[in-house]
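protein-v2.txt (compact mmCIF, C-alpha atoms)
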```txt
# COMPACT_ATOMS: atom_id res chain seq x y z
CA MET A 1 18.83 -15.93 16.05
CA ARG A 2 19.59 -12.52 14.61
CA GLY A 3 20.49 -12.08 10.98
CA ARG A 4 24.14 -11.52 11.84
CA GLN A 5 24.29 -14.73 13.88
CA ILE A 6 22.97 -16.68 10.90
CA ALA A 7 25.61 -15.06 8.70
CA VAL A 8 28.36 -16.05 11.11
CA ALA A 9 27.07 -19.61 11.31
CA LEU A 10 27.02 -19.84 7.54
CA ALA A 11 30.53 -18.52 7.20
CA ALA A 12 31.85 -20.96 9.80
CA ALA A 13 30.30 -23.97 8.08
CA THR A 14 32.77 -25.95 6.02
CA ALA A 15 30.01 -27.64 4.01
CA LEU A 16 26.40 -26.69 3.37
CA ALA A 17 24.35 -29.77 2.60
CA GLY A 18 21.85 -29.31 -0.22
CA CYS A 19 23.07 -25.88 -1.37
CA GLY A 20 22.90 -25.86 -5.16
CA ALA A 21 22.27 -23.47 -7.98
CA GLY A 22 19.47 -25.42 -9.62
CA GLY A 23 15.97 -23.95 -9.90
CA GLY A 24 12.53 -25.47 -10.06
CA SER A 25 10.53 -27.15 -7.32
CA GLN A 26 12.80 -29.02 -4.91
CA PRO A 27 12.08 -31.38 -1.99
CA ALA A 28 13.21 -30.84 1.57
CA SER A 29 16.92 -31.23 2.29
CA HIS A 30 18.25 -34.52 3.68
CA ALA A 31 18.53 -32.80 7.06
CA ALA A 32 14.85 -31.86 6.95
CA GLN A 33 13.82 -35.36 5.92
CA SER A 34 15.83 -37.05 8.66
CA GLN A 35 14.49 -34.74 11.35
CA ALA A 36 10.93 -35.24 10.13
CA ALA A 37 11.47 -38.98 10.50
CA ALA A 38 12.56 -38.36 14.10
CA GLY A 39 9.07 -37.12 14.98
CA LYS A 40 8.82 -33.32 14.58
CA ALA A 41 6.68 -32.24 11.63
CA PRO A 42 8.38 -30.09 8.96
CA ILE A 43 7.38 -26.45 8.58
CA LYS A 44 6.64 -25.69 4.93
CA VAL A 45 7.90 -22.41 3.47
CA GLY A 46 7.40 -21.31 -0.14
CA VAL A 47 10.27 -19.68 -2.03
CA MET A 48 9.12 -18.00 -5.26
CA THR A 49 11.97 -16.61 -7.36
CA ASN A 50 12.56 -16.07 -11.07
CA ASP A 51 15.54 -18.24 -11.91
CA THR A 52 15.03 -18.06 -15.69
CA GLY A 53 13.92 -15.26 -18.00
CA PRO A 54 14.98 -11.58 -17.83
CA TYR A 55 14.90 -11.51 -14.01
CA ALA A 56 17.10 -14.60 -13.62
CA PRO A 57 20.20 -12.65 -12.48
CA LEU A 58 18.23 -11.32 -9.51
CA GLY A 59 15.95 -14.25 -8.76
CA SER A 60 18.76 -16.77 -8.63
CA GLU A 61 20.59 -14.60 -6.09
CA VAL A 62 17.56 -14.53 -3.79
CA ARG A 63 17.09 -18.29 -4.06
CA ASN A 64 20.77 -18.99 -3.39
CA ALA A 65 20.85 -16.89 -0.23
CA VAL A 66 17.57 -18.29 1.08
CA GLN A 67 18.89 -21.83 0.52
CA MET A 68 22.02 -21.06 2.52
CA VAL A 69 20.02 -19.75 5.49
CA ILE A 70 17.43 -22.54 5.50
CA ASN A 71 19.93 -25.35 4.95
CA GLN A 72 22.12 -24.09 7.78
CA VAL A 73 19.13 -23.82 10.14
CA ASN A 74 18.17 -27.40 9.28
CA GLN A 75 21.73 -28.57 9.94
CA GLN A 76 21.51 -26.98 13.37
CA GLY A 77 18.32 -28.89 14.22
CA GLY A 78 15.63 -26.75 12.61
CA VAL A 79 13.31 -24.45 14.56
CA ASP A 80 12.54 -26.03 17.92
CA GLY A 81 13.26 -29.38 16.28
CA HIS A 82 11.00 -28.72 13.29
CA PRO A 83 12.90 -28.86 9.98
CA ILE A 84 12.14 -26.18 7.41
CA ASP A 85 10.73 -27.81 4.27
CA ALA A 86 11.39 -25.19 1.59
CA ILE A 87 9.45 -25.49 -1.66
CA TYR A 88 11.49 -23.71 -4.36
CA LEU A 89 9.62 -22.53 -7.46
CA ASP A 90 11.00 -20.85 -10.58
CA GLY A 91 8.53 -18.24 -11.84
CA GLN A 92 10.38 -17.88 -15.17
CA THR A 93 9.72 -14.09 -15.10
CA ASN A 94 6.11 -14.90 -15.97
CA PRO A 95 3.32 -13.25 -13.91
CA ASN A 96 0.75 -15.81 -15.11
CA LEU A 97 2.91 -18.64 -13.80
CA ALA A 98 3.25 -16.77 -10.50
CA VAL A 99 -0.51 -17.05 -10.03
CA THR A 100 -0.44 -20.81 -10.63
CA GLN A 101 2.48 -21.26 -8.26
CA ALA A 102 0.86 -19.15 -5.54
CA LYS A 103 -2.19 -21.37 -5.65
CA GLN A 104 0.07 -24.41 -5.46
CA LEU A 105 1.76 -23.10 -2.31
CA VAL A 106 -1.59 -22.37 -0.68
CA ALA A 107 -2.64 -25.95 -1.42
CA ASP A 108 0.67 -27.14 0.06
CA HIS A 109 -0.19 -25.34 3.33
CA VAL A 110 2.96 -23.22 3.57
CA VAL A 111 3.19 -20.99 6.63
CA ALA A 112 4.98 -18.16 4.80
CA VAL A 113 6.46 -17.22 1.42
CA LEU A 114 9.83 -15.66 0.55
CA GLY A 115 11.16 -14.14 -2.67
CA LEU A 116 9.00 -12.52 -5.36
CA GLU A 117 11.72 -10.10 -6.44
CA PHE A 118 9.91 -9.47 -9.78
CA GLY A 119 7.37 -6.74 -9.01
CA THR A 120 4.88 -7.66 -11.72
CA ALA A 121 4.80 -11.28 -10.54
CA ALA A 122 4.48 -10.13 -6.94
CA HIS A 123 1.42 -8.03 -7.81
CA ALA A 124 -0.13 -11.10 -9.44
CA ALA A 125 0.61 -13.54 -6.60
CA VAL A 126 0.06 -11.41 -3.49
CA PRO A 127 -3.78 -11.28 -3.64
CA ILE A 128 -3.85 -15.09 -3.52
CA PHE A 129 -1.73 -15.21 -0.37
CA GLU A 130 -3.67 -12.33 1.15
CA GLN A 131 -6.94 -14.17 0.64
CA ALA A 132 -5.43 -17.33 2.17
CA HIS A 133 -3.97 -15.32 5.10
CA ILE A 134 -0.38 -16.40 4.43
CA PRO A 135 2.37 -13.84 5.19
CA VAL A 136 4.75 -12.95 2.36
CA ILE A 137 8.21 -11.40 2.77
CA VAL A 138 9.07 -10.01 -0.66
CA ASN A 139 12.36 -8.80 -2.13
CA THR A 140 10.97 -6.46 -4.76
CA ALA A 141 11.91 -2.79 -4.85
CA ASP A 142 8.37 -2.00 -6.05
CA GLU A 143 6.83 -0.63 -2.84
CA ALA A 144 3.33 -0.69 -4.34
CA VAL A 145 3.31 -4.42 -3.51
CA ALA A 146 3.28 -3.54 0.20
CA GLU A 147 1.67 -0.08 0.07
CA PRO A 148 -0.94 0.93 0.96
CA THR A 149 -0.10 -1.32 3.88
CA ASN A 150 -1.19 -4.87 3.23
CA PRO A 151 -1.50 -6.79 6.51
CA TRP A 152 0.08 -9.91 4.95
CA VAL A 153 2.93 -8.44 2.85
CA PHE A 154 6.32 -7.20 4.11
CA ASP A 155 9.03 -5.77 1.86
CA VAL A 156 12.66 -6.52 2.72
CA SER A 157 14.25 -4.37 0.02
CA THR A 158 15.34 -0.83 -0.66
CA VAL A 159 12.12 0.20 -2.37
CA THR A 160 11.91 2.61 -5.28
CA LYS A 161 10.79 5.62 -3.25
CA ILE A 162 13.77 5.21 -0.89
CA GLN A 163 16.30 4.82 -3.69
CA ASP A 164 14.71 7.66 -5.68
CA ALA A 165 14.90 9.90 -2.61
CA ARG A 166 18.62 9.15 -2.24
CA MET A 167 19.17 9.89 -5.96
CA ALA A 168 17.07 13.06 -5.72
CA SER A 169 19.15 14.22 -2.76
CA TYR A 170 22.28 13.70 -4.85
CA LEU A 171 20.78 15.69 -7.74
CA ALA A 172 20.01 18.56 -5.38
CA CYS A 173 23.52 18.45 -3.97
CA LYS A 174 24.87 18.75 -7.52
CA HIS A 175 22.39 21.53 -8.39
CA ILE A 176 20.92 19.46 -11.23
CA THR A 177 17.50 20.83 -12.18
CA GLN A 178 16.59 18.97 -15.40
CA VAL A 179 16.40 15.17 -15.39
CA ALA A 180 15.63 12.42 -17.90
CA SER A 181 13.77 9.30 -16.75
CA LEU A 182 14.64 6.02 -18.50
CA HIS A 183 12.69 2.98 -17.31
CA ASP A 184 11.16 -0.33 -18.32
CA THR A 185 7.37 -0.75 -18.47
CA GLU A 186 7.15 -3.46 -15.79
CA ALA A 187 5.98 -2.69 -12.25
CA LEU A 188 9.45 -1.79 -10.95
CA GLY A 189 10.29 0.60 -13.77
CA GLU A 190 6.90 2.32 -13.69
CA GLU A 191 7.01 2.70 -9.91
CA GLY A 192 10.55 4.10 -10.01
CA ASN A 193 9.48 6.60 -12.67
CA GLN A 194 6.40 7.69 -10.73
CA ASP A 195 8.31 8.09 -7.45
CA LEU A 196 10.97 10.18 -9.20
CA LYS A 197 8.33 12.56 -10.56
CA GLN A 198 6.67 12.86 -7.17
CA LEU A 199 9.97 13.96 -5.64
CA ALA A 200 10.67 16.59 -8.30
CA SER A 201 9.16 19.62 -6.59
CA GLN A 202 10.62 18.72 -3.18
CA TYR A 203 14.15 18.49 -4.61
CA HIS A 204 13.74 21.31 -7.14
CA PHE A 205 14.16 19.50 -10.44
CA GLN A 206 11.99 18.73 -13.47
CA VAL A 207 11.67 15.48 -15.40
CA VAL A 208 12.07 16.96 -18.87
CA VAL A 209 11.97 13.69 -20.82
CA ASP A 210 10.36 10.32 -20.02
CA GLN A 211 11.65 7.37 -22.05
CA PRO A 212 10.03 3.95 -21.39
CA TYR A 213 11.04 0.64 -22.99
CA ASP A 214 9.89 -2.97 -22.98
CA LEU A 215 11.62 -5.37 -20.58
CA THR A 216 12.80 -7.54 -23.48
CA ALA A 217 14.27 -4.63 -25.48
CA LYS A 218 17.51 -5.44 -27.32
CA ASN A 219 18.34 -1.90 -28.41
CA LEU A 220 17.82 1.41 -26.58
CA VAL A 221 19.59 3.75 -28.98
CA ASN A 222 16.38 5.65 -29.79
CA GLN A 223 15.60 6.33 -26.15
CA LEU A 224 19.15 7.36 -25.30
CA THR A 225 19.43 9.53 -28.42
CA ALA A 226 16.23 11.36 -27.44
CA ILE A 227 17.68 11.97 -24.00
CA GLY A 228 20.96 13.21 -25.47
CA ARG A 229 19.06 15.77 -27.57
CA SER A 230 17.04 16.98 -24.60
CA PRO A 231 18.12 19.60 -22.02
CA ALA A 232 18.47 16.87 -19.37
CA GLN A 233 21.51 17.24 -17.10
CA ALA A 234 21.30 13.69 -15.71
CA ILE A 235 19.59 10.35 -16.36
CA VAL A 236 17.78 8.39 -13.66
CA TYR A 237 17.48 4.80 -14.82
CA TRP A 238 15.11 2.12 -13.48
CA GLY A 239 15.41 -1.35 -14.97
CA VAL A 240 16.77 -4.84 -14.44
CA GLY A 241 17.28 -8.01 -16.46
CA THR A 242 19.30 -7.84 -19.68
CA ALA A 243 18.57 -4.18 -20.45
CA PRO A 244 20.98 -2.53 -17.97
CA ALA A 245 24.02 -3.86 -19.85
CA ILE A 246 22.55 -2.48 -23.07
CA VAL A 247 21.95 0.91 -21.44
CA VAL A 248 25.47 1.20 -20.06
CA LYS A 249 27.19 0.14 -23.30
CA GLU A 250 25.04 2.27 -25.62
CA TYR A 251 25.32 5.25 -23.27
CA HIS A 252 29.07 5.16 -23.89
CA GLN A 253 28.79 4.35 -27.59
CA LEU A 254 26.65 7.45 -28.08
CA GLY A 255 29.17 9.56 -26.20
CA LEU A 256 26.70 10.80 -23.57
CA LYS A 257 28.40 12.79 -20.82
CA ILE A 258 25.60 13.59 -18.41
CA PRO A 259 25.57 11.51 -15.18
CA LEU A 260 23.82 8.13 -15.26
CA LEU A 261 22.09 7.23 -11.97
CA ALA A 262 20.67 3.75 -11.35
CA SER A 263 19.33 1.45 -8.64
CA ALA A 264 21.55 -0.76 -6.47
CA ALA A 265 20.81 -3.86 -8.56
CA ASN A 266 22.93 -2.26 -11.28
CA ALA A 267 25.96 -2.35 -8.98
CA ASP A 268 25.81 -6.14 -8.75
CA PRO A 269 29.38 -7.52 -9.09
CA THR A 270 28.37 -9.98 -11.80
CA PHE A 271 26.79 -7.17 -13.80
CA LEU A 272 29.80 -4.91 -13.35
CA LYS A 273 32.07 -7.67 -14.59
CA GLU A 274 29.84 -8.10 -17.66
CA VAL A 275 29.92 -4.43 -18.69
CA GLY A 276 33.54 -3.88 -17.67
CA SER A 277 35.00 -0.40 -17.87
CA ASP A 278 31.77 0.99 -19.38
CA ALA A 279 30.35 1.01 -15.85
CA ASN A 280 33.00 3.42 -14.56
CA GLY A 281 31.38 6.66 -13.49
CA MET A 282 27.87 5.24 -13.17
CA LEU A 283 26.12 6.28 -9.97
CA VAL A 284 24.04 3.87 -7.88
CA ALA A 285 21.78 4.10 -4.85
CA ALA A 286 23.65 1.35 -3.05
CA THR A 287 23.28 -0.99 -0.10
CA PRO A 288 26.17 -2.52 1.88
CA SER A 289 25.86 -5.81 -0.05
CA VAL A 290 27.31 -4.18 -3.18
CA MET A 291 29.95 -2.12 -1.35
CA LEU A 292 32.02 -4.87 0.26
CA GLN A 293 35.35 -3.19 -0.54
CA HIS A 294 34.18 0.21 0.72
CA LEU A 295 31.48 -0.44 3.32
CA PRO A 296 29.56 2.68 4.41
CA LYS A 297 29.78 3.73 8.05
CA PHE A 298 26.12 2.91 8.70
CA THR A 299 26.56 -0.80 7.85
CA PRO A 300 24.87 -2.54 10.82
CA HIS A 301 27.10 -5.64 11.01
CA PRO A 302 30.11 -5.21 8.72
CA GLN A 303 32.11 -8.26 9.83
CA GLU A 304 29.08 -10.52 9.61
CA LEU A 305 28.27 -9.22 6.13
CA LEU A 306 31.82 -9.89 4.94
CA ALA A 307 31.70 -13.37 6.44
CA PHE A 308 28.44 -14.17 4.66
CA ALA A 309 29.81 -12.80 1.40
CA GLN A 310 32.79 -15.14 1.72
CA ALA A 311 30.54 -18.14 2.43
CA TYR A 312 28.30 -17.23 -0.50
CA GLN A 313 31.31 -16.99 -2.83
CA GLN A 314 32.60 -20.36 -1.67
CA THR A 315 29.19 -22.02 -2.07
CA TYR A 316 28.07 -20.64 -5.44
CA HIS A 317 31.37 -19.52 -6.98
CA GLN A 318 30.07 -16.03 -7.62
CA PRO A 319 30.27 -12.78 -5.64
CA LEU A 320 27.54 -11.60 -3.30
CA GLY A 321 25.11 -9.19 -4.96
CA GLU A 322 22.33 -6.84 -3.92
CA LEU A 323 19.52 -9.39 -4.09
CA ALA A 324 21.58 -12.14 -2.44
CA GLY A 325 22.24 -9.90 0.55
CA LEU A 326 18.60 -8.92 0.83
CA GLY A 327 17.53 -12.54 0.28
CA HIS A 328 19.61 -13.49 3.29
CA ASP A 329 18.00 -10.75 5.37
CA ALA A 330 14.47 -11.84 4.41
CA ALA A 331 15.11 -15.50 5.25
CA ALA A 332 16.93 -14.63 8.48
CA MET A 333 14.00 -12.42 9.48
CA LEU A 334 11.52 -15.24 8.97
CA ILE A 335 13.68 -17.69 10.94
CA HIS A 336 13.95 -15.12 13.73
CA VAL A 337 10.20 -14.77 14.21
CA MET A 338 9.82 -18.56 14.04
CA GLN A 339 12.38 -18.93 16.80
CA GLN A 340 10.24 -16.60 18.88
CA GLY A 341 7.52 -19.25 18.74
CA ALA A 342 5.63 -18.12 15.64
CA LEU A 343 5.07 -21.31 13.63
CA THR A 344 1.67 -20.64 12.03
CA PRO A 345 0.74 -18.09 9.34
CA GLY A 346 -1.25 -15.99 11.80
CA SER A 347 1.42 -15.90 14.51
CA ILE A 348 4.19 -15.16 11.98
CA ASP A 349 2.15 -12.27 10.61
CA ALA A 350 1.50 -10.92 14.11
CA GLN A 351 5.22 -10.96 14.90
CA LEU A 352 6.14 -9.25 11.62
CA ASN A 353 3.58 -6.50 12.20
CA ASN A 354 5.48 -5.38 15.31
CA LEU A 355 9.11 -6.08 14.51
CA THR A 356 12.39 -4.20 14.68
CA TYR A 357 15.04 -6.38 13.12
CA SER A 358 18.69 -5.63 12.43
CA ALA A 359 20.24 -7.65 9.60
CA LEU A 360 23.15 -7.30 7.18
CA ASN A 361 21.85 -4.39 5.08
CA GLY A 362 19.96 -2.28 7.59
CA THR A 363 17.40 -2.22 10.37
CA TRP A 364 13.78 -2.91 9.43
CA LYS A 365 11.09 -1.33 11.60
CA PHE A 366 7.74 -2.88 10.72
CA THR A 367 4.54 -1.59 12.31
CA PRO A 368 0.89 -2.22 11.45
CA ASP A 369 1.08 0.96 9.33
CA ASN A 370 4.50 0.42 7.72
CA HIS A 371 5.52 -2.77 5.92
CA VAL A 372 8.54 -1.33 4.09
CA GLY A 373 10.77 -0.65 7.06
CA LEU A 374 14.02 0.79 5.66
CA GLN A 375 14.83 4.50 5.47
CA VAL A 376 16.79 6.75 3.09
CA SER A 377 19.62 6.64 5.65
CA ASP A 378 20.00 2.91 4.89
CA VAL A 379 21.08 3.72 1.31
CA VAL A 380 24.22 5.49 0.10
CA MET A 381 24.96 7.18 -3.21
CA ALA A 382 28.00 5.52 -4.75
CA ARG A 383 30.08 5.83 -7.91
CA ILE A 384 31.45 2.84 -9.80
CA VAL A 385 35.24 3.09 -9.84
CA ASN A 386 37.20 0.23 -11.44
CA GLY A 387 34.33 -2.18 -10.86
CA GLU A 388 33.69 -1.19 -7.24
CA ALA A 389 31.03 1.00 -5.61
CA VAL A 390 32.54 3.90 -3.68
CA ALA A 391 30.51 6.44 -1.68
CA THR A 392 30.29 9.91 -3.24
CA ALA A 393 30.87 13.17 -1.38
CA CYS A 394 27.35 14.34 -2.31
CA GLN A 395 24.60 12.38 -0.61
```
Output the file's structure in the form of structure tokens.
Amino acid sequence: MRGRQIAVALAAATALAGCGAGGGSQPASHAAQSQAAAGKAPIKVGVMTNDTGPYAPLGSEVRNAVQMVINQVNQQGGVDGHPIDAIYLDGQTNPNLAVTQAKQLVADHVVAVLGLEFGTAAHAAVPIFEQAHIPVIVNTADEAVAEPTNPWVFDVSTVTKIQDARMASYLACKHITQVASLHDTEALGEEGNQDLKQLASQYHFQVVVDQPYDLTAKNLVNQLTAIGRSPAQAIVYWGVGTAPAIVVKEYHQLGLKIPLLASAANADPTFLKEVGSDANGMLVAATPSVMLQHLPKFTPHPQELLAFAQAYQQTYHQPLGELAGLGHDAAAMLIHVMQQGALTPGSIDAQLNNLTYSALNGTWKFTPDNHVGLQVSDVVMARIVNGEAVATACQ
């Protein structure tokens, strides 16, 4: 089953048993339990997301989408009659807890793990799964989790180097030569900052000011004021959690006029609703999941994406966001390789190492030497206009 077929099946369903917004560790769905009683053993899959703490807006999206895919597969009879027994764990945006939970999933004999959208937690948990030879499909934009190529880790996300390259291309198109970097000090922010600096000479700009901040920061006036006093002609911003809303609002309060560029997570519909008109004019390195009203031409399966977005809205009473779309693609990818007969950790990993897979947000091309898969062409530079992401002329 391709990712688009799963999306269509989800959209057609009038009810999705077991789909809920609650976090924590959850048992198998009723469908999984009934099928297990019929004789076929369940297949255990770990789902590690951060449903509380600063990363909750992203982690809950991943969990929601994964639940939709897995519950629908179980309703349709599982994989070759085996129900998927998903073990959902809330990492609470705590890397230390991620280590404990990773060990728990190893002890539970899961065949694969999904989620880990929080880069710092992913770095903490991945070595445990690598040692246990359990494949992990992560949703973090921090490519350092999967690079240098780790034989057991696959990233289904638009990683920082890809998004930075799209933003750098935009800067070059606009002849911007002096840039400010604003970023949090977690893995994602640091990686985004490093990738931006590495691209500077190729795209003919300089990072003239580097302003880091703690993930839990409540006020970024000092950082933004320093940028405003610098010769920077644009700001490239890497951060998630509660800080993006602070950045956008204080950027306007301080009267800054230089362009503000950010990652696709900052075009999430829920976030845009929170910040309101302050988001107008912000630029994002976007994926199709956050451009539903203005889908880019390269969108692999536009009708299927819109159908999944509608089903997601009906199920969770909130719009589809960046991480929800990518969460769907990660889960659909895992189901796909299982349906090809890969039901053990080793066979799943072997399939993923040689996989070309087209889903809702792009086409992933995994090889033994590349576990990131997406390209710059899978991302579009967009401007926020009245709460919607619209492709810019400069790419």
Legend entry - Nearest to Gly321 (chain A), chosen from A:Leu260, A:Ala65, A:Leu283, A:Met48, with only C-alpha atoms counted in the distances: A:Ala65
Please report, as a Markdown table, each residue of region 36-147 of chain A lying at most 6 Å from region 153-167 of chain A, together with the nearest pair of atoms and the separation in Å rounded to one decimal; use all atoms listed in the file, and order rows by chain and ascending residue number.
```
| residue | atom | partner | partner_atom | distance |
| --- | --- | --- | --- | --- |
| A:Pro135 | CA | A:Val153 | CA | 5.9 |
| A:Val136 | CA | A:Val153 | CA | 4.9 |
| A:Ile137 | CA | A:Phe154 | CA | 4.8 |
| A:Val138 | CA | A:Asp155 | CA | 4.9 |
| A:Asn139 | CA | A:Ser157 | CA | 5.3 |
| A:Ala141 | CA | A:Val159 | CA | 3.9 |
| A:Asp142 | CA | A:Val159 | CA | 5.7 |
| A:Glu143 | CA | A:Val159 | CA | 5.4 |
| A:Ala146 | CA | A:Val153 | CA | 5.6 |
```
Could I get the residues of region 240-349 of chain A with an atom no further than 12 Å from an atom of region 191-194 of chain A, each paired with its nearest atom pair and that distance in Å to one decimal, using only C-alpha atoms, sorted by chain and residue number, as a Markdown table?
```
| residue | atom | partner | partner_atom | distance |
| --- | --- | --- | --- | --- |
| A:Val240 | CA | A:Gly192 | CA | 11.8 |
| A:Ala262 | CA | A:Gly192 | CA | 10.2 |
| A:Ser263 | CA | A:Gly192 | CA | 9.3 |
```
Inset, instruction - Might you pull out every residue within 8 Å of region 373-389 of chain A, with only C-alpha atoms counted and same-chain residues fewer than 3 positions away left off, and present them as a PyMOL selection string? - result: chain A and resi 155-158+162-163+165-167+170+267+269+272-273+276-277+279-287+290-291+293-294+296+298+361-366+370+392+394-395
Inset, instruction - Would you please work out which residue, of A:Ala98, A:Ala332, A:Ala264, A:Ala172, is nearest to Asn71 (chain A) when using only C-alpha atoms? - result: A:Ala332
Inset, instruction - Work out how far apart CA of Gln211 (chain A) and CA of His175 (chain A) are and give it in Å to one decimal. - result: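 Between CA of Gln211 (chain A) and CA of His175 (chain A) the gap is 22.4 Å.
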Inset, instruction - Report the distance between CA of Ala132 (chain A) and CA of Val45 (chain A) in Å, rounded to one decimal place. - result: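 We find that CA of Ala132 (chain A) and CA of Val45 (chain A) lie 14.3 Å from each other.
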Legend entry - 7 Å contact set for Met338 (chain A), all atoms listed in the file, chain neighbours under 5 positions out, as a list in words: Val79, Leu343 and Ile348 of chain A
Inset, instruction - Record the distance separating CA of Ser230 (chain A) and CA of Val209 (chain A), expressed in Å with one decimal. - result: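 Here the two named atoms are 7.1 Å from each other.
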Inset, instruction - Between A:Tyr213, A:Phe129, A:Trp152, A:Tyr357, single out the one closest to Val106 (chain A), counting all atoms listed in the file. - result: A:Phe129
Legend entry - Among listed residues A:Ala393, A:Pro54, A:Gln351, A:Pro345, nearest Asp214 (chain A) (using all atoms listed in the file):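 Checking each candidate against Asp214 (chain A), we get A:Pro54 as the closest.
Residues lying at most 7 Å from (32.1, -11.2, -3.7) in file coordinates, with all atoms listed in the file considered, are Ala309, Gln310, Gln313, Gln318, Pro319 and Leu320 of chain A.
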The selected residues should be written to file as a PDB file, in the frame of the given file (atoms: C-alpha atoms).
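Here's the written file selection-v1.pdb:
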```
ATOM      1  CA  ALA A 309      29.810 -12.800   1.400  1.00  0.00           C
ATOM      2  CA  GLN A 310      32.790 -15.140   1.720  1.00  0.00           C
ATOM      3  CA  GLN A 313      31.310 -16.990  -2.830  1.00  0.00           C
ATOM      4  CA  GLN A 318      30.070 -16.030  -7.620  1.00  0.00           C
ATOM      5  CA  PRO A 319      30.270 -12.780  -5.640  1.00  0.00           C
ATOM      6  CA  LEU A 320      27.540 -11.600  -3.300  1.00  0.00           C
TER       7      LEU A 320
END
```
Legend entry - Selected residue, from A:Pro127, A:Gly119, A:Glu304, A:Val66, that lies nearest to Met333 (chain A) when counting all atoms listed in the file: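 So, comparing all the options, the nearest one is A:Val66.
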Legend entry - Nearest-residue call for Ala391 (chain A), choices A:Lys44, A:His204, A:Lys174, A:Lys297, using all atoms listed in the file: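 For Ala391 (chain A), the nearest of the candidates is A:Lys297.
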If the box runs along x, y and z of the file and leaves 5 Å on each side of region 196-212 of chain A, what are its centre and edge lengths in Å, one decimal, as lines of an AutoDock Vina configuration file?
```
center_x = 10.4
center_y = 12.6
center_z = -12.6
size_x = 17.5
size_y = 27.4
size_z = 28.9
```
